[in-house]
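One file, query-v5.tsv, is given below (TSV, C-alpha atoms).
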chain	number	residue	atom	x	y	z
A	93	MET	CA	-11.45	57.64	56.53
A	94	ASP	CA	-12.15	53.99	57.37
A	95	LEU	CA	-15.08	53.93	54.96
A	96	VAL	CA	-12.94	55.39	52.16
A	97	LYS	CA	-10.11	52.96	52.87
A	98	GLY	CA	-12.34	49.90	53.10
A	99	SER	CA	-14.33	50.80	49.99
A	100	SER	CA	-11.14	51.49	48.04
A	101	VAL	CA	-9.71	48.02	48.58
A	102	LEU	CA	-12.99	46.43	47.50
A	103	ILE	CA	-12.96	48.51	44.32
A	104	VAL	CA	-9.41	47.31	43.65
A	105	VAL	CA	-10.45	43.66	44.02
A	106	LEU	CA	-13.51	44.23	41.84
A	107	PHE	CA	-11.30	45.84	39.19
A	108	HIS	CA	-9.01	42.82	39.06
A	109	SER	CA	-12.00	40.48	38.90
A	110	VAL	CA	-13.35	42.40	35.90
A	111	ILE	CA	-9.97	42.41	34.16
A	112	HIS	CA	-9.65	38.63	34.37
A	113	MET	CA	-13.20	38.08	33.12
A	114	TYR	CA	-12.74	40.56	30.28
A	115	ALA	CA	-9.56	38.80	29.16
A	116	VAL	CA	-11.59	35.75	28.11
A	117	THR	CA	-14.85	37.51	27.14
A	118	PRO	CA	-13.74	40.67	25.28
A	119	ASP	CA	-16.69	40.51	22.88
A	120	GLY	CA	-19.39	40.25	25.52
A	121	ALA	CA	-21.56	43.35	25.83
A	122	VAL	CA	-21.88	43.04	29.60
A	123	SER	CA	-18.20	42.23	30.02
A	124	SER	CA	-17.29	45.25	27.92
A	125	GLY	CA	-19.65	47.34	30.04
A	126	TRP	CA	-17.88	46.25	33.20
A	127	HIS	CA	-14.53	47.03	31.60
A	128	SER	CA	-15.70	50.48	30.54
A	129	PHE	CA	-17.04	51.19	34.03
A	130	MET	CA	-13.66	50.35	35.53
A	131	ASN	CA	-11.97	52.66	33.04
A	132	VAL	CA	-14.34	55.45	34.05
A	133	ILE	CA	-13.45	55.16	37.74
A	134	GLU	CA	-9.75	54.50	37.14
A	135	PRO	CA	-8.81	58.07	38.19
A	136	LEU	CA	-10.33	57.29	41.60
A	137	ARG	CA	-9.24	53.72	42.32
A	138	MET	CA	-5.58	54.01	43.34
A	139	PRO	CA	-5.31	57.78	43.95
A	140	ILE	CA	-7.78	57.76	46.84
A	141	PHE	CA	-6.09	54.66	48.26
A	142	PHE	CA	-2.74	56.47	48.29
A	143	MET	CA	-4.25	59.65	49.71
A	144	VAL	CA	-5.65	57.77	52.70
A	145	SER	CA	-2.31	55.99	53.15
A	146	GLY	CA	-0.57	59.36	53.23
A	147	MET	CA	-2.99	60.65	55.85
A	148	LEU	CA	-2.25	57.64	58.04
A	149	ALA	CA	1.50	58.23	57.69
A	150	THR	CA	1.42	61.88	58.76
A	151	SER	CA	2.23	61.29	62.42
A	152	ALA	CA	5.27	59.16	61.54
A	153	MET	CA	6.89	61.92	59.49
A	154	GLY	CA	8.12	63.80	62.53
A	155	ARG	CA	9.40	60.75	64.38
A	156	PRO	CA	13.01	59.52	64.21
A	157	TRP	CA	13.75	56.75	61.72
A	158	ARG	CA	14.22	54.25	64.54
A	159	LEU	CA	10.61	54.89	65.56
A	160	SER	CA	9.28	54.38	62.04
A	161	ARG	CA	10.34	50.82	61.35
A	162	ARG	CA	6.82	49.57	60.70
A	163	ARG	CA	6.71	51.83	57.65
A	164	THR	CA	10.21	50.95	56.45
A	165	TYR	CA	11.38	47.49	57.49
A	166	GLY	CA	7.80	46.32	58.01
A	167	MET	CA	6.64	47.43	54.57
A	168	ALA	CA	9.76	46.03	52.89
A	169	TYR	CA	9.13	42.70	54.63
A	170	LEU	CA	5.54	42.50	53.40
A	171	TYR	CA	6.52	43.51	49.86
A	172	ILE	CA	9.27	40.91	49.59
A	173	LEU	CA	7.27	38.15	51.30
A	174	TRP	CA	4.12	38.47	49.22
A	175	SER	CA	6.04	39.08	46.01
A	176	ALA	CA	7.91	35.83	46.68
A	177	ILE	CA	4.63	33.98	47.27
A	178	PHE	CA	3.15	35.43	44.10
A	179	PHE	CA	6.12	34.63	41.88
A	180	ILE	CA	6.28	31.09	43.23
A	181	VAL	CA	2.70	30.69	42.03
A	182	VAL	CA	3.65	32.30	38.71
A	183	ALA	CA	6.63	29.95	38.33
A	184	LEU	CA	4.35	26.95	38.77
A	185	TYR	CA	2.02	28.13	36.02
A	186	ILE	CA	4.64	29.21	33.49
A	187	HIS	CA	6.96	26.29	34.30
A	188	GLU	CA	9.83	28.53	35.34
A	189	THR	CA	12.78	26.66	36.83
A	190	PRO	CA	13.78	27.41	40.43
A	191	VAL	CA	17.07	28.90	39.24
A	192	GLU	CA	15.28	31.21	36.79
A	193	ALA	CA	12.78	32.24	39.45
A	194	VAL	CA	15.52	33.11	41.94
A	195	LEU	CA	17.55	35.05	39.37
A	196	ASN	CA	14.51	36.98	38.13
A	197	PHE	CA	13.19	37.83	41.59
A	198	PRO	CA	15.44	40.84	42.39
A	199	ARG	CA	14.70	42.43	39.01
A	200	ARG	CA	10.97	41.96	39.51
A	201	LEU	CA	11.15	43.51	42.95
A	202	LEU	CA	13.07	46.51	41.65
A	203	VAL	CA	10.51	47.55	39.03
A	204	GLY	CA	7.34	46.42	40.81
A	205	SER	CA	6.41	43.60	38.44
A	206	SER	CA	3.46	42.34	40.47
A	207	GLY	CA	0.28	43.75	41.95
A	208	TYR	CA	2.26	44.32	45.13
A	209	TRP	CA	3.75	47.44	43.60
A	210	TYR	CA	1.36	49.28	45.93
A	211	LEU	CA	3.39	48.13	48.95
A	212	TYR	CA	6.60	49.07	47.14
A	213	ALA	CA	5.17	52.51	46.42
A	214	LEU	CA	4.19	53.05	50.06
A	215	LEU	CA	7.73	52.24	51.13
A	216	LEU	CA	9.28	54.58	48.55
A	217	TYR	CA	6.78	57.36	49.23
A	218	PHE	CA	7.36	57.26	52.97
A	219	VAL	CA	11.13	57.35	52.58
A	220	VAL	CA	10.97	60.22	50.08
A	221	ALA	CA	8.49	62.25	52.15
A	222	LYS	CA	10.50	61.71	55.33
A	223	LEU	CA	13.80	62.64	53.69
A	224	LEU	CA	12.22	65.85	52.38
A	225	ARG	CA	10.23	66.64	55.52
A	226	ARG	CA	12.22	69.83	56.17
A	227	TRP	CA	11.30	71.21	52.75
A	228	PRO	CA	8.23	73.43	52.42
A	229	ALA	CA	5.22	71.24	51.71
A	230	TRP	CA	4.27	73.24	48.62
A	231	ILE	CA	7.62	72.49	46.97
A	232	ILE	CA	7.24	68.74	47.55
A	233	LEU	CA	3.68	68.91	46.24
A	234	ALA	CA	4.78	70.90	43.18
A	235	ILE	CA	7.38	68.26	42.31
A	236	ALA	CA	4.82	65.48	42.72
A	237	ILE	CA	2.31	67.37	40.56
A	238	ALA	CA	4.94	67.86	37.85
A	239	LEU	CA	5.68	64.13	37.81
A	240	ASN	CA	1.98	63.39	37.40
A	241	LEU	CA	1.52	65.97	34.64
A	242	LEU	CA	4.44	64.34	32.82
A	243	ARG	CA	2.61	61.01	32.79
A	244	ALA	CA	3.15	60.39	29.05
A	245	PRO	CA	6.94	60.97	29.16
A	246	VAL	CA	7.14	58.93	32.36
A	247	ALA	CA	5.30	56.08	30.63
A	248	GLN	CA	7.74	56.29	27.71
A	249	TRP	CA	10.69	56.24	30.13
A	250	ASN	CA	9.17	53.19	31.76
A	251	ARG	CA	8.90	51.39	28.42
A	252	ASP	CA	12.37	52.40	27.27
A	253	PHE	CA	14.33	51.66	30.42
A	254	MET	CA	12.45	49.94	33.22
A	255	THR	CA	10.92	47.21	31.05
A	256	SER	CA	14.44	46.32	29.97
A	257	ILE	CA	14.94	45.21	33.58
A	258	ASP	CA	11.74	43.18	33.56
A	259	VAL	CA	8.97	42.91	30.98
A	260	VAL	CA	6.34	44.16	33.43
A	261	SER	CA	7.00	47.38	35.33
A	262	ALA	CA	4.72	49.50	37.51
A	263	MET	CA	7.06	52.47	37.68
A	264	THR	CA	4.68	54.72	35.73
A	265	SER	CA	2.01	54.21	38.38
A	266	ILE	CA	4.52	54.55	41.21
A	267	VAL	CA	5.88	57.86	39.92
A	268	THR	CA	2.55	59.45	39.02
A	269	ASN	CA	0.66	58.48	42.18
A	270	LEU	CA	3.14	60.15	44.51
A	271	VAL	CA	1.11	63.36	44.42
A	272	PHE	CA	-1.87	61.75	46.15
A	273	TYR	CA	0.26	60.39	48.98
A	274	ILE	CA	1.80	63.83	49.46
A	275	LEU	CA	-1.67	65.38	49.56
A	276	GLY	CA	-2.62	62.97	52.33
A	277	VAL	CA	0.55	63.63	54.33
A	278	TYR	CA	0.62	67.43	54.20
A	279	TYR	CA	-2.88	68.60	53.37
A	280	LYS	CA	-5.21	66.74	55.71
A	281	GLU	CA	-6.86	70.01	56.66
A	282	VAL	CA	-7.82	70.64	53.02
A	283	ILE	CA	-9.34	67.16	52.81
A	284	ALA	CA	-11.25	67.84	56.04
A	285	TRP	CA	-12.43	71.16	54.59
A	286	VAL	CA	-13.82	69.34	51.54
A	287	ALA	CA	-15.55	66.77	53.74
A	288	ASP	CA	-17.18	69.47	55.85
A	289	ARG	CA	-18.82	70.92	52.74
A	290	ALA	CA	-20.40	67.65	51.71
A	291	SER	CA	-23.90	67.59	50.27
A	292	TRP	CA	-25.73	65.05	48.18
A	293	LEU	CA	-26.15	67.61	45.40
A	294	ARG	CA	-22.44	68.38	45.24
A	295	VAL	CA	-21.57	64.69	45.17
A	296	ALA	CA	-24.08	64.05	42.38
A	297	VAL	CA	-22.84	66.97	40.27
A	298	VAL	CA	-19.16	66.06	40.62
A	299	VAL	CA	-19.78	62.37	39.91
A	300	ALA	CA	-21.85	63.25	36.84
A	301	LEU	CA	-19.12	65.51	35.47
A	302	VAL	CA	-16.20	63.15	36.05
A	303	SER	CA	-18.22	60.19	34.77
A	304	ALA	CA	-18.94	62.09	31.56
A	305	TYR	CA	-15.22	62.71	31.16
A	306	GLY	CA	-14.50	59.04	31.88
A	307	ILE	CA	-16.96	57.89	29.22
A	308	TRP	CA	-15.32	60.19	26.69
A	309	ARG	CA	-11.83	59.10	27.69
A	310	ASN	CA	-12.80	55.45	27.43
A	311	SER	CA	-13.66	56.04	23.77
A	312	ALA	CA	-10.40	57.90	23.06
A	313	PRO	CA	-7.49	55.49	23.70
A	314	GLU	CA	-5.01	57.97	22.25
A	315	TYR	CA	-5.42	59.98	25.47
A	316	TRP	CA	-5.07	57.09	27.91
A	317	GLU	CA	-1.47	57.91	28.77
A	318	MET	CA	-2.18	61.58	29.39
A	319	THR	CA	-2.49	62.81	32.96
A	320	TYR	CA	-5.93	62.84	34.55
A	321	LEU	CA	-4.87	64.64	37.72
A	322	PRO	CA	-7.78	67.14	37.79
A	323	ILE	CA	-10.26	64.30	37.31
A	324	SER	CA	-8.63	62.27	40.08
A	325	LEU	CA	-8.87	65.25	42.43
A	326	ALA	CA	-12.54	65.68	41.55
A	327	TRP	CA	-13.21	61.97	42.11
A	328	ILE	CA	-11.39	62.13	45.45
A	329	ALA	CA	-13.45	65.15	46.51
A	330	ALA	CA	-16.64	63.29	45.61
A	331	GLY	CA	-15.48	60.18	47.44
A	332	VAL	CA	-14.52	62.10	50.57
A	333	MET	CA	-17.83	63.99	50.61
A	334	LEU	CA	-19.83	60.82	50.01
A	335	ALA	CA	-18.05	59.02	52.84
A	336	HIS	CA	-18.68	61.99	55.13
A	337	LEU	CA	-22.39	61.79	54.37
A	338	LEU	CA	-22.63	58.02	54.68
A	339	VAL	CA	-20.89	57.69	58.05
A	340	GLU	CA	-23.84	59.48	59.58
A	341	TYR	CA	-25.63	56.14	59.22
A	342	ASN	CA	-24.79	53.14	61.37
A	343	GLY	CA	-24.55	50.58	58.54
A	344	PRO	CA	-21.93	52.34	56.40
A	345	ARG	CA	-20.00	53.35	59.53
A	346	ARG	CA	-19.78	49.73	60.72
A	347	PHE	CA	-18.91	48.62	57.18
A	348	GLY	CA	-16.04	51.11	57.08
A	349	THR	CA	-14.77	50.16	60.51
A	350	PHE	CA	-14.72	46.47	59.62
A	351	PHE	CA	-13.14	46.62	56.18
A	352	GLY	CA	-10.97	49.64	56.89
A	353	ALA	CA	-9.12	47.62	59.53
A	354	ARG	CA	-8.61	44.68	57.16
A	355	THR	CA	-7.40	46.22	53.92
A	356	LEU	CA	-3.96	44.61	54.07
A	357	PRO	CA	-5.06	40.94	54.10
A	358	ILE	CA	-7.68	41.61	51.44
A	359	PHE	CA	-5.15	43.35	49.23
A	360	VAL	CA	-2.28	40.88	49.51
A	361	VAL	CA	-4.21	37.60	49.40
A	362	GLN	CA	-6.10	38.41	46.21
A	363	PHE	CA	-3.20	38.12	43.76
A	364	PRO	CA	-2.17	34.45	44.11
A	365	LEU	CA	-5.85	33.49	43.98
A	366	LEU	CA	-6.41	35.69	40.93
A	367	MET	CA	-3.44	34.04	39.24
A	368	ALA	CA	-5.07	30.65	39.73
A	369	LEU	CA	-8.41	32.00	38.50
A	370	SER	CA	-6.80	33.55	35.44
A	371	SER	CA	-5.09	30.29	34.54
A	372	TYR	CA	-8.36	28.40	34.88
A	373	LEU	CA	-10.30	30.88	32.74
A	374	ARG	CA	-7.67	31.05	30.00
A	375	ASN	CA	-7.17	27.31	29.80
A	376	ASN	CA	-10.84	26.31	29.97
A	377	ARG	CA	-12.73	29.35	28.65
A	378	PRO	CA	-15.95	28.16	30.32
A	379	GLU	CA	-19.05	28.53	28.20
A	380	TYR	CA	-21.11	29.84	31.08
A	381	LEU	CA	-19.07	33.05	30.97
A	382	GLN	CA	-20.60	33.83	27.59
A	383	ILE	CA	-24.02	34.19	29.22
A	384	PRO	CA	-24.78	37.90	29.81
A	385	ALA	CA	-26.48	37.26	33.16
A	386	VAL	CA	-23.37	35.44	34.37
A	387	GLN	CA	-21.15	38.30	33.24
A	388	VAL	CA	-23.25	40.68	35.34
A	389	VAL	CA	-22.66	38.82	38.59
A	390	PHE	CA	-19.32	37.08	37.95
A	391	PRO	CA	-17.01	39.95	39.06
A	392	ILE	CA	-19.16	40.54	42.15
A	393	LEU	CA	-19.10	36.86	43.10
A	394	VAL	CA	-15.35	36.64	42.50
A	395	THR	CA	-14.80	39.74	44.63
A	396	PHE	CA	-16.92	38.25	47.41
A	397	GLY	CA	-15.03	34.96	47.20
A	398	LEU	CA	-11.61	36.62	47.27
A	399	VAL	CA	-12.52	38.85	50.20
A	400	PHE	CA	-14.01	35.92	52.11
A	401	ALA	CA	-10.91	33.78	51.51
A	402	ALA	CA	-8.60	36.62	52.55
A	403	LEU	CA	-10.48	37.36	55.75
A	404	LEU	CA	-10.74	33.66	56.60
A	405	LEU	CA	-6.98	33.22	56.18
A	406	TYR	CA	-6.37	36.35	58.21
A	407	ARG	CA	-8.57	35.13	61.04
A	408	ILE	CA	-7.12	31.63	61.32
A	409	THR	CA	-3.52	32.89	61.29
A	410	GLN	CA	-3.73	35.53	64.00
A	411	LYS	CA	-2.81	33.23	66.90
A	412	ASN	CA	-0.03	31.23	65.28
A	413	LEU	CA	3.04	31.72	63.12
A	414	GLY	CA	0.76	32.45	60.19
A	415	LYS	CA	0.35	35.97	61.55
A	416	TYR	CA	3.71	36.76	59.99
A	417	LEU	CA	1.97	36.68	56.63
A	418	PHE	CA	0.46	40.02	57.61
A	419	GLU	CA	2.99	41.58	59.95
A	420	ALA	CA	6.74	41.64	60.23
A	421	PRO	CA	8.42	39.85	63.16
A	422	ARG	CA	8.78	42.07	66.20
A	423	TRP	CA	12.56	41.93	66.14
A	424	ALA	CA	12.50	43.55	62.70
A	425	ILE	CA	10.12	46.39	63.50
A	426	ARG	CA	10.84	46.94	67.18
A	427	GLU	CA	11.03	50.69	67.55
A	428	HIS	CA	13.95	51.44	69.83
A	429	ARG	CA	13.40	54.45	72.03
A	430	ALA	CA	16.29	56.41	73.41
A	431	SER	CA	17.33	55.55	76.95
A	432	PRO	CA	16.56	58.18	79.59
A	433	SER	CA	19.28	60.80	79.67
A	434	PRO	CA	21.53	60.97	82.73
A	435	SER	CA	20.56	63.66	85.20
A	436	GLY	CA	21.56	67.11	84.07
A	437	GLU	CA	22.05	66.12	80.41
A	438	LYS	CA	19.78	67.02	77.54
A	439	GLU	CA	18.39	64.23	75.39
A	440	VAL	CA	19.30	64.69	71.76
A	441	SER	CA	16.72	63.51	69.23
A	442	SER	CA	18.00	61.30	66.43
A	443	ALA	CA	15.88	63.36	64.07
A	444	THR	CA	18.32	66.25	64.33
structure tokens encoding of this file:
Amino acid sequence: MDLVKGSSVLIVVLFHSVIHMYAVTPDGAVSSGWHSFMNVIEPLRMPIFFMVSGMLATSAMGRPWRLSRRRTYGMAYLYILWSAIFFIVVALYIHETPVEAVLNFPRRLLVGSSGYWYLYALLLYFVVAKLLRRWPAWIILAIAIALNLLRAPVAQWNRDFMTSIDVVSAMTSIVTNLVFYILGVYYKEVIAWVADRASWLRVAVVVALVSAYGIWRNSAPEYWEMTYLPISLAWIAAGVMLAHLLVEYNGPRRFGTFFGARTLPIFVVQFPLLMALSSYLRNNRPEYLQIPAVQVVFPILVTFGLVFAALLLYRITQKNLGKYLFEAPRWAIREHRASPSPSGEKEVSSAT
């Protein structure tokens, strides 16, 4: 799954690069083409990311809470820390006073007002899945599917209630993507079954079909809020099969190993840098961005630059206090194990 995980985070960064270019070049043919391409693969982008995250969380579901602090306290730490960094940058650009920034921060955290809603979702998903771990998996999956199928009402609920807390809210995405995390947690064997049946022909057929749907959907904005669960599942199947085929080759396997182990720094570092890029583009509207050839390569170059900057920061902070940008302090996530039981006494698990 390293190849899937590493590729997913690069697609996310590329998506954000395209969005910021498109915001200042909406009339460009190439820019519009990039934007349409991202709309076509939207059913894949975050769902497959959450599915892999669920697969990685499976082993922690059966452990006591005190042995799962990396996924609770650790994730909360990263969400709060990077949200704070991001909103400090935002405050500088929108001239928000320190008092306003501090007062707005809890509300923004609550509804996932930044790109770090992914970390928030992982925290919520893990807690929900662990609390319900004694339920039959099919019931949990059925609830998650229902929430996804109700995407339009969920989006309306988000607009009516959650945006009253803060103007920007990611709760629609958080609610509807739960199903993919649950699939990863409880149905790894199904995902493995799909991977084992990989063939280039099957990948090509599935990609052609879901791409055709995506092209149609891109031209029908009235359906954008409707669920695309079946299409996401088809995209995920194609992605899993493609990764299974590619890891037979040394290059893709090494690519997946490298980027799959570094998704967190790439994901979290991109947003403050994108905020700065967005401000520059909106304020200056550089003429070179109107050149079609530049529009072709601009998102790719921005993605490369963001990934390079993230990995550079990650590397230079690993042997100093900067490492706490990417991991919680040990005292916060230290997983306390029960002391050995006195002779003749049974040890009682805290999970009971």
Pick from A:Ala238, A:Val267, A:Leu214, A:Ala247: nearest to Val144 in chain A, with all atoms listed in the file counted?
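Of A:Ala238, A:Val267, A:Leu214, A:Ala247, the one nearest Val144 in chain A, counting all atoms listed in the file, is A:Leu214.
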Pick from A:Ala296, A:Val181, A:Leu356, A:Leu201, whichever lies nearest to Ala168 in chain A using only C-alpha atoms
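Using only C-alpha atoms, the shortest distance to Ala168 in chain A belongs to A:Leu201.
Residue nearest Val116 in chain A within the list A:Leu381, A:Leu95, A:Ile425, A:Ile140: A:Leu381 [criterion: smallest interatomic distance, only C-alpha atoms].
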Go through range 247-343 of chain A and flag each residue having an atom no more than 12 Å from range 222-226 of chain A; for those, report the closest pair of atoms plus their distance in Å to one decimal, using only C-alpha atoms, ordered by chain and rising number, as CSV.
residue,atom,partner,partner_atom,distance
A:Ile274,CA,A:Lys222,CA,10.7
A:Val277,CA,A:Lys222,CA,10.2
A:Tyr278,CA,A:Arg225,CA,9.7
How would the residues just picked look written out with C-alpha atoms as a CSV table (one decimal), in the frame of the given file?
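Now in part.csv:
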chain,number,residue,atom,x,y,z
A,274,ILE,CA,1.8,63.8,49.5
A,277,VAL,CA,0.6,63.6,54.3
A,278,TYR,CA,0.6,67.4,54.2
If we count only C-alpha atoms, what is near Ile186 in chain A at a cut-off of 12 Å, once residues fewer than 6 positions away on the same chain are taken out, given as a list in words?
Phe179, Ile180, Glu192, Ala193, Met367, Ala368 and Ser371 of chain A
Tyr273 in chain A proximity check over A:Tyr210, A:Trp126, A:Trp423, A:Trp308, using only C-alpha atoms: winner is A:Tyr210
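If all atoms listed in the file are the atoms counted, then among A:Phe390, A:Tyr279, A:Tyr185, A:Tyr406 the closest residue to Tyr114 in chain A is A:Phe390.
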What does the structure give for the distance between CA of Arg294 in chain A and CA of Thr355 in chain A, in Å to one decimal?
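About the pair CA of Arg294 in chain A and CA of Thr355 in chain A: they are 28.2 Å apart.
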What is the distance between CA of Leu102 in chain A and CA of Ser311 in chain A, in Å to one decimal?
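Answer for the CA of Leu102 in chain A to CA of Ser311 in chain A separation: 25.6 Å.
Minimum atom-to-atom distance to Ala236 in chain A, evaluated using only C-alpha atoms, belongs to A:Leu275 out of A:Leu293, A:Met254, A:Leu275, A:Leu159.
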Would you pick out the contacts of Tyr380 in chain A at 12 Å or less, using all atoms listed in the file, so that residues sharing its chain but fewer than 3 positions from it are not included, and give the list as a compact mmCIF listing (two decimals) with C-alpha atoms, in the frame of the given file?
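Saved as selection_31.txt:
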# COMPACT_ATOMS: atom_id res chain seq x y z
CA MET A 113 -13.20 38.08 33.12
CA VAL A 116 -11.59 35.75 28.11
CA THR A 117 -14.85 37.51 27.14
CA GLY A 120 -19.39 40.25 25.52
CA LEU A 373 -10.30 30.88 32.74
CA ASN A 376 -10.84 26.31 29.97
CA ARG A 377 -12.73 29.35 28.65
CA ILE A 383 -24.02 34.19 29.22
CA PRO A 384 -24.78 37.90 29.81
CA ALA A 385 -26.48 37.26 33.16
CA VAL A 386 -23.37 35.44 34.37
CA GLN A 387 -21.15 38.30 33.24
CA VAL A 388 -23.25 40.68 35.34
CA VAL A 389 -22.66 38.82 38.59
CA PHE A 390 -19.32 37.08 37.95
Coordinates-based distance that separates CA of Gly98 in chain A from CA of Gly348 in chain A (Å, one decimal):
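Interatomic distance, CA of Gly348 in chain A to CA of Gly98 in chain A: 5.6 Å.
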